[in-house]
Structure formats: C-alpha cells, structure tokens
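Worksheet: the structure to be examined is printed underneath.
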Amino acid sequence: MNKILKNAQKYSVSKKKNAQIISELNNLKYIKPISLTKMIMTNFKKFAAIAVALAVVAVVGLSGVFQAQTTYASHLENAEKALQELQMMQNEGAETNEERVKELVQEIVRETNAALVLAEEEEGEQLQQALMEVKAVQEQSMSMFQKYEGEGNADTGEALKEMEQVRERVREMLGEQSGEMIQEQTQNQEQKHLEKAEKALGQMEVMQNQGEEVDPVQVRTLAQEVVQETGSALEIAEQKQEGEEKQQALMEVQAVQEKSMNMFKNFEEDAVGEALQEAEQNHERVRKMLGDQTGEMVQEQTQVQNNMKSGQ
Amino acid sequence: MQDDHDLFIEFYEKYKNKLFNYLMYRLNFNRELSEDLLMDVVLKGYEKFNSFNQKKGSFKNWIFAIAHNHLLNHWRDQNKKKTVDIETVQLNEKFAVEERSSEKANKEIEREHIQKVFELMNDKNSELLTLKYINDFNNKEIAKILKKREGAVRTGLSRAVKEFEELYKKLFNN
C-alpha cells in the first residue's frame, strides 16, 4: 500500500499564480520589511526609494519570472567571504571599523541561517553532508566572533550566542539522523530475517505440495533455517524499547512462528522434531512477552474454576 | 548581497510546490482554491517571518504549521465538511473505468484512484498521509507541525494507512 501512495500524483503551482504571489511579495517588501536576522538589523535596514520599488515590482510583474535557485552551498560561500573579510580586518591590526564588523557579522548570521534552511531540504547522506558543512562554517564563525567579542564588541557577543543555539539544533539533527538510520537498519535486519524464514517455509510448502517422498536431510536443514531466522528476528525485536513498535515486531515474529509450527507438523518428526520443539519454546517466549495466556494456563484456570464449582 | 526579502522568496521557491501539494490533497484537488490558499499562506509567512526562529526548528516545519493552521481556519470559516460519499464515487468509477482504461496508462488510473480515496478519507487521516507520503516528512517533523506527540503520529499513521487500504480495496479491488 505504501508503494501505491508513493506513486501519488504531484502538482506544480501554475506560472500565472506563481508570478502573482511573487508580485504580491514584492509589493509587501516596501510596506512590511522583514528580517531573518532580527538581532542586529535595525540600524542597517535601508529602504529603496518608492520609484525604484515600483520599477522593480513592474519588472517582476511583467516578466513573471524570478530566478532564485541558490543552493545552501552558495550561502555558505557568502558567509565564508564575509568571514575572510573579518579575518583580514583582524590581521591588519588597524583600528576596527565597528560599523563594517556589524555588517559582516550580520551577513554571516543571515547566510549561515539561509544555508541551513536550504540544507534541510537535502535528503539522506546529502542531508548529513550539508548539515556538517553548515556546522563547520558556524563553528568557524563562532570562533571568529569570539575574537571580536574579546575585543569588546557587544554585537558579536549577541550573534555568537544566537549562532551557538542554532548550531546546537544542527548538532541535534546530525545526532537524530544517525539515530534514525540505525533504527532503520535494525528494522531492516529484523525484516530480512523474517523474509529468509518465510522463504525457507515456502520451499517446505513446495516440497509438501509435490507429494513425493521428501529428503529428510533437506527438510531438517530448511526447518532449522526457519527456526534460526525467526530466532534472530526475535532477538532484535526483544531489544527494542517497550512500546507499540516492540509489540508490533513481536507480533510479526509470532505470526511467522505460528506459520512455521503448522508447517513443521506436516513432516516426519525425525526430520523436524528438534526444530518444532525450539519453535514452540520461542513461541511461548513471545506469547509471554505479549502478555498472552498460554493454553496450559487457560486449562489450569478452567480446572480451578470447575473445582470451585463442584466444591460449592 | 541578498536581503531578507530575497531570502524569503528563495525559500518560497523551494517550498511552493510542496505546500501546493499539501493544499491540493487537503482540498479535494481543487486547484483554484489550493492556489488561493497558497497565496494566503505565503503572505502570512512573509508577515510572520520575523517570528521565525531557527533555534526552534526548520523553515519547512514552520511554514507547514502555518499552512495547517490556515486550513483549519479556512474550514472553520466555511463550516464545510467533505460531501463526497462512497456510493457516488463507486458509481462514477463504474462508468468511467472502461472508457479510461484503454486510453490511459495504469499509473495514471492508479493516481486517480488514490485521489478518490483521499477525497473520502477522514480529514485527520488524509492529512497524516499527505504529510508523510506526499510531502515526505518524517514522524518527528509531522509531530512538530501538528503539535502532537511522535507516538500519536505513529499510531495515527497506521490507522490512516488502514483506512486508505480499506477504502482502496472497497472501491477498486472488487
């Protein structure tokens, strides 16, 4: 079913509406200026003249085209350029131009933040790579900001604090992502073991359906494989944290176990006896974990109830 | 050097189709309405851009949370519920299937089936499936957008898949 859902139709915004939205955004630019790096922006915001604004809106409106295909990497490049300039200013040792430092710090914060937004769009390994690149530039910037903060520049102190918090989120994402990947791999392993068990069961079914005399050695090997694979899947399921996911995994194992036990009963005991015994033991273990009552327990309870009734 | 306005437009370009797909699947594939609401969501996002805080989460989660809330407000204002019923879809399907099967590729027919099922699904379930399979969010991200616990999202998703399966089988596997 998931496969079907993944084939679902994807739509695109029409060019006409897209142009209209961009035109609206450009209109808003001069009414409601926005700021991504709000902390040190106030002194730097420069508004274009209304005439220029109208001209821009007209051009965008007419062409209906806006090219903004920048990637996270180009934002990182911008941040690095600003960083280099900061570095040069520091190396020169001349009196610091406070205004320029502010501008550069502001640019670095904005560009690394923009890079992060776009980096988060990447997937899988590329996402990890992109996040690591963003983190590297953030850390470079932070160490540069620290130098300026040490020289008494209060704005860089604030930027440093902000960037540290965003960097923390990037670190979390990197951690989370690898955690998720491990979880996915474990889940895959568990599924692979169950798939192998079912494949062996399928072979046993074919042998049974052929109705000819079966080779007991081959049956024994297949039965052992089934028990071994379901056992491995069970081990992985047991290690999961208590909760719905564990319950689900155990139920999947239980289903294959029950299928196996039914299948084994179709063959000679000499060939499958050991495997059946082991499968029954493992099955019992799963039932206990799932909180099911065993047949024996139910029987015992019924007997106790009957005794009580006859005693009355 | 880009300013924040240009940055917002860059982000818009990046996410516009994802947002649009979310709206299409939530609004019974009504293109006109979806485009209008997309504009509302984007303009609202622009106005609130100052409040977007990267320390708290990604832009994608933030803008989708705006879209989710905007849709809820839209429905509340319209006081509108899904009106398509399963019998109508089955009837339409019965007449349409022969005509189309010879003309369209199976994939296209399957896509139409998916859309019909989405139209009939419970709103909450169809939203979960849209975020997961159309927008490719993971459970954690969905939880953040909908302001729910991750466990609740997981359970909700399995319920949603079940509903989807049942409707799909009922309508198209007979």
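Residue numbers start at 1 in each chain; chains themselves are named A, B, ... in the order of the structure tokens; ligands are numbered from 1 in the order shown.
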
Could you please select, counting only C-alpha atoms, the residues of chain B within 7 Å of chain A and state them as a PDB file with N, CA, C and O atoms, in the first residue's frame?
ATOM      1  N   ASP B   4      16.769  40.041   3.285  1.00  0.00           N
ATOM      2  CA  ASP B   4      15.858  39.033   3.836  1.00  0.00           C
ATOM      3  C   ASP B   4      14.632  38.812   2.959  1.00  0.00           C
ATOM      4  O   ASP B   4      14.070  37.718   2.938  1.00  0.00           O
ATOM      5  N   HIS B   5      14.247  39.859   2.261  1.00  0.00           N
ATOM      6  CA  HIS B   5      13.116  39.724   1.342  1.00  0.00           C
ATOM      7  C   HIS B   5      13.466  38.693   0.251  1.00  0.00           C
ATOM      8  O   HIS B   5      12.678  37.797  -0.046  1.00  0.00           O
ATOM      9  N   GLU B  10      13.414  33.142  -2.005  1.00  0.00           N
ATOM     10  CA  GLU B  10      14.187  31.927  -2.304  1.00  0.00           C
ATOM     11  C   GLU B  10      13.579  30.714  -1.584  1.00  0.00           C
ATOM     12  O   GLU B  10      13.416  29.641  -2.173  1.00  0.00           O
ATOM     13  N   GLU B  13      10.338  29.751  -3.266  1.00  0.00           N
ATOM     14  CA  GLU B  13      10.581  28.980  -4.494  1.00  0.00           C
ATOM     15  C   GLU B  13      10.878  27.515  -4.170  1.00  0.00           C
ATOM     16  O   GLU B  13      10.477  26.613  -4.880  1.00  0.00           O
ATOM     17  N   ASN B  17       5.922  24.197  -4.256  1.00  0.00           N
ATOM     18  CA  ASN B  17       5.201  23.026  -4.773  1.00  0.00           C
ATOM     19  C   ASN B  17       4.842  22.040  -3.671  1.00  0.00           C
ATOM     20  O   ASN B  17       3.812  21.372  -3.732  1.00  0.00           O
ATOM     21  N   PHE B  20       1.906  23.502  -2.085  1.00  0.00           N
ATOM     22  CA  PHE B  20       0.780  23.407  -3.005  1.00  0.00           C
ATOM     23  C   PHE B  20       0.201  21.986  -3.011  1.00  0.00           C
ATOM     24  O   PHE B  20      -1.017  21.788  -2.981  1.00  0.00           O
ATOM     25  N   ASN B  21       1.084  20.984  -3.012  1.00  0.00           N
ATOM     26  CA  ASN B  21       0.615  19.598  -2.977  1.00  0.00           C
ATOM     27  C   ASN B  21      -0.136  19.293  -1.697  1.00  0.00           C
ATOM     28  O   ASN B  21      -1.154  18.602  -1.704  1.00  0.00           O
ATOM     29  N   GLU B  35      -4.530  27.171  -4.908  1.00  0.00           N
ATOM     30  CA  GLU B  35      -3.614  28.260  -5.267  1.00  0.00           C
ATOM     31  C   GLU B  35      -3.928  29.528  -4.469  1.00  0.00           C
ATOM     32  O   GLU B  35      -3.019  30.235  -4.040  1.00  0.00           O
ATOM     33  N   MET B  39      -1.385  31.314  -1.714  1.00  0.00           N
ATOM     34  CA  MET B  39      -1.012  32.735  -1.642  1.00  0.00           C
ATOM     35  C   MET B  39      -1.219  33.269  -0.220  1.00  0.00           C
ATOM     36  O   MET B  39      -0.338  33.930   0.336  1.00  0.00           O
ATOM     37  N   LEU B  43       1.853  34.718   2.061  1.00  0.00           N
ATOM     38  CA  LEU B  43       1.833  36.104   2.539  1.00  0.00           C
ATOM     39  C   LEU B  43       1.820  36.149   4.070  1.00  0.00           C
ATOM     40  O   LEU B  43       2.475  36.988   4.678  1.00  0.00           O
ATOM     41  N   PHE B  49       7.550  36.379   9.198  1.00  0.00           N
ATOM     42  CA  PHE B  49       8.928  35.902   9.034  1.00  0.00           C
ATOM     43  C   PHE B  49       9.831  36.351  10.187  1.00  0.00           C
ATOM     44  O   PHE B  49      10.775  35.652  10.558  1.00  0.00           O
ATOM     45  N   ASN B  50       9.518  37.504  10.736  1.00  0.00           N
ATOM     46  CA  ASN B  50      10.304  37.991  11.882  1.00  0.00           C
ATOM     47  C   ASN B  50      10.235  37.038  13.071  1.00  0.00           C
ATOM     48  O   ASN B  50      11.152  36.998  13.882  1.00  0.00           O
ATOM     49  N   GLN B  54      15.179  30.093  13.974  1.00  0.00           N
ATOM     50  CA  GLN B  54      15.877  28.876  13.546  1.00  0.00           C
ATOM     51  C   GLN B  54      16.385  28.019  14.692  1.00  0.00           C
ATOM     52  O   GLN B  54      16.731  26.865  14.484  1.00  0.00           O
ATOM     53  N   LYS B  55      16.414  28.608  15.864  1.00  0.00           N
ATOM     54  CA  LYS B  55      16.861  27.810  17.005  1.00  0.00           C
ATOM     55  C   LYS B  55      15.794  26.772  17.332  1.00  0.00           C
ATOM     56  O   LYS B  55      16.083  25.701  17.827  1.00  0.00           O
ATOM     57  N   SER B  58      12.991  24.006  11.798  1.00  0.00           N
ATOM     58  CA  SER B  58      13.302  24.339  10.408  1.00  0.00           C
ATOM     59  C   SER B  58      12.228  25.247   9.794  1.00  0.00           C
ATOM     60  O   SER B  58      11.089  25.303  10.274  1.00  0.00           O
ATOM     61  N   PHE B  59      12.610  25.910   8.732  1.00  0.00           N
ATOM     62  CA  PHE B  59      11.674  26.770   7.999  1.00  0.00           C
ATOM     63  C   PHE B  59      10.523  25.931   7.453  1.00  0.00           C
ATOM     64  O   PHE B  59       9.365  26.335   7.480  1.00  0.00           O
ATOM     65  N   ARG B 111      -3.289   6.783  -9.975  1.00  0.00           N
ATOM     66  CA  ARG B 111      -3.234   8.109  -9.343  1.00  0.00           C
ATOM     67  C   ARG B 111      -4.636   8.667  -9.100  1.00  0.00           C
ATOM     68  O   ARG B 111      -4.904   9.267  -8.072  1.00  0.00           O
ATOM     69  N   ILE B 114      -6.078   6.924  -6.152  1.00  0.00           N
ATOM     70  CA  ILE B 114      -5.534   7.452  -4.891  1.00  0.00           C
ATOM     71  C   ILE B 114      -6.285   8.726  -4.506  1.00  0.00           C
ATOM     72  O   ILE B 114      -6.682   8.919  -3.365  1.00  0.00           O
ATOM     73  N   TYR B 133       3.472  10.902   2.903  1.00  0.00           N
ATOM     74  CA  TYR B 133       3.778  10.326   1.587  1.00  0.00           C
ATOM     75  C   TYR B 133       3.819  11.340   0.452  1.00  0.00           C
ATOM     76  O   TYR B 133       4.464  11.095  -0.560  1.00  0.00           O
ATOM     77  N   GLU B 165      -6.214   1.699   2.908  1.00  0.00           N
ATOM     78  CA  GLU B 165      -6.251   0.332   2.338  1.00  0.00           C
ATOM     79  C   GLU B 165      -7.679  -0.155   2.168  1.00  0.00           C
ATOM     80  O   GLU B 165      -8.062  -0.672   1.123  1.00  0.00           O
TER      81      GLU B 165
END

Discussion item. So that I can check the surroundings of stretch 190-205 of chain A, please list as JSON, numbers by chain every protein, DNA and RNA residue that reaches within 9 Å of it, counting only C-alpha atoms and ignoring chain neighbours fewer than 3 positions away.
Written reply: {"A": [185, 186, 187, 208, 209, 210, 219, 222, 223, 225, 226, 227, 228, 229, 230, 231, 232, 233, 234, 235, 236, 237, 249, 252, 253, 256, 259, 260, 263, 264]}

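In terms of minimum interatomic distance to B:Phe64, B:Val42 ranks closest within B:Phe118, B:Glu166, B:Val42, B:Val161, counting only C-alpha atoms.
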
Practice prompt. From chain B, collect each residue whose DSSP state is alpha helix (DSSP H) and return the set as a PyMOL selection string.
Written response: chain B and resi 4-26+31-47+59-78+86-101+106-120+123-129+139-146+150-172

Pick out the residues sitting within 8 Å of B:Val117, and hand them over as a tab-separated table (two decimals) with N, CA and C atoms, in the first residue's frame; count only C-alpha atoms, and ignore anything fewer than 5 positions along from it in its own chain.
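Output saved as out08.tsv:
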chain	number	residue	atom	x	y	z
B	164	PHE	N	-6.98	3.96	4.40
B	164	PHE	CA	-6.69	4.08	2.97
B	164	PHE	C	-6.83	2.72	2.28
B	167	LEU	N	-10.52	1.53	2.06
B	167	LEU	CA	-11.29	2.25	1.04
B	167	LEU	C	-10.84	1.87	-0.37
B	168	TYR	N	-9.52	1.76	-0.50
B	168	TYR	CA	-8.95	1.44	-1.82
B	168	TYR	C	-9.47	0.08	-2.30

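Coordinates place atom CA of A:Glu280 at a distance of 24.4 Å from atom CA of A:Gln241.
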
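Residues in contact with stretch 26-29 of chain B at up to 10 Å, not including ones fewer than 2 positions away on its chain and judged by only C-alpha atoms, are Tyr11 of chain A; Phe20, Asn21, Tyr22, Leu23, Met24, Arg31, Glu32, Leu33, Ser34, Leu37, His68, Leu71, Trp75, Lys82, Val84, Gln115, Lys116, Phe118, Glu119, Leu120, Asp123, Lys124, Ser126, Glu127 and Thr130 of chain B.
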
Worksheet item: Leaving out stretch 287-290 of chain A and any residue of its chain fewer than 4 positions from it, which residues lie within 10 Å of it when counting only C-alpha atoms, given as a VMD selection string?
Response: chain A and resid 238 246 to 248 250 to 251 254 281 to 283 294

Residues as selected, N, CA, C and O atoms, written as a short mmCIF file (atom, residue, chain, number, x, y, z; two decimals), in the first residue's frame, can you do that?
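Produced file out21.cif, reproduced below:
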data_model
loop_
_atom_site.label_atom_id
_atom_site.label_comp_id
_atom_site.auth_asym_id
_atom_site.auth_seq_id
_atom_site.Cartn_x
_atom_site.Cartn_y
_atom_site.Cartn_z
N GLU A 238 13.28 -8.22 20.63
CA GLU A 238 13.36 -8.15 22.10
C GLU A 238 14.16 -6.94 22.58
O GLU A 238 13.92 -6.41 23.65
N LYS A 246 7.68 -2.29 19.57
CA LYS A 246 8.16 -3.60 20.02
C LYS A 246 7.03 -4.63 19.89
O LYS A 246 7.24 -5.74 19.42
N GLN A 247 5.87 -4.23 20.33
CA GLN A 247 4.70 -5.11 20.27
C GLN A 247 4.45 -5.55 18.82
O GLN A 247 4.23 -6.72 18.55
N GLN A 248 4.54 -4.58 17.93
CA GLN A 248 4.31 -4.85 16.51
C GLN A 248 5.34 -5.86 16.00
O GLN A 248 5.01 -6.83 15.33
N LEU A 250 7.12 -8.01 17.72
CA LEU A 250 6.90 -9.33 18.32
C LEU A 250 5.73 -10.05 17.65
O LEU A 250 5.78 -11.26 17.43
N MET A 251 4.72 -9.29 17.31
CA MET A 251 3.57 -9.91 16.66
C MET A 251 3.93 -10.44 15.27
O MET A 251 3.44 -11.48 14.85
N GLN A 254 5.76 -13.58 15.89
CA GLN A 254 4.80 -14.59 16.32
C GLN A 254 4.04 -15.19 15.12
O GLN A 254 3.84 -16.40 15.04
N GLN A 281 9.14 -23.42 21.93
CA GLN A 281 9.71 -22.70 23.09
C GLN A 281 9.78 -21.19 22.82
O GLN A 281 9.40 -20.37 23.66
N ASN A 282 10.28 -20.86 21.63
CA ASN A 282 10.39 -19.43 21.27
C ASN A 282 9.02 -18.78 21.20
O ASN A 282 8.83 -17.63 21.59
N HIS A 283 8.08 -19.54 20.67
CA HIS A 283 6.71 -19.04 20.53
C HIS A 283 6.13 -18.72 21.91
O HIS A 283 5.48 -17.69 22.12
N THR A 294 -1.03 -18.73 27.96
CA THR A 294 -0.74 -19.97 27.24
C THR A 294 -1.94 -20.89 27.39
O THR A 294 -2.76 -20.73 28.30
#

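When atom CA of A:Arg285 is paired with atom CA of A:Asn262, their separation reads 17.5 Å.
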
Item to complete: Extract, using only C-alpha atoms, all DNA, RNA and protein residues at most 12 Å from B:Leu128, discarding same-chain residues fewer than 3 positions from it, and format them as a PyMOL selection string.
Response: chain B and resi 22+25-26+68+118+121-125+131-139+141-143+145-146+148+152-161+163-164

Item to complete: Go through A:Lys102, A:Lys147, A:Lys15, A:Arg171 one by one, measure the shortest atom-to-atom distance of each to A:Gln87 using only C-alpha atoms, and give the residue with the smallest value.
Response: A:Lys147
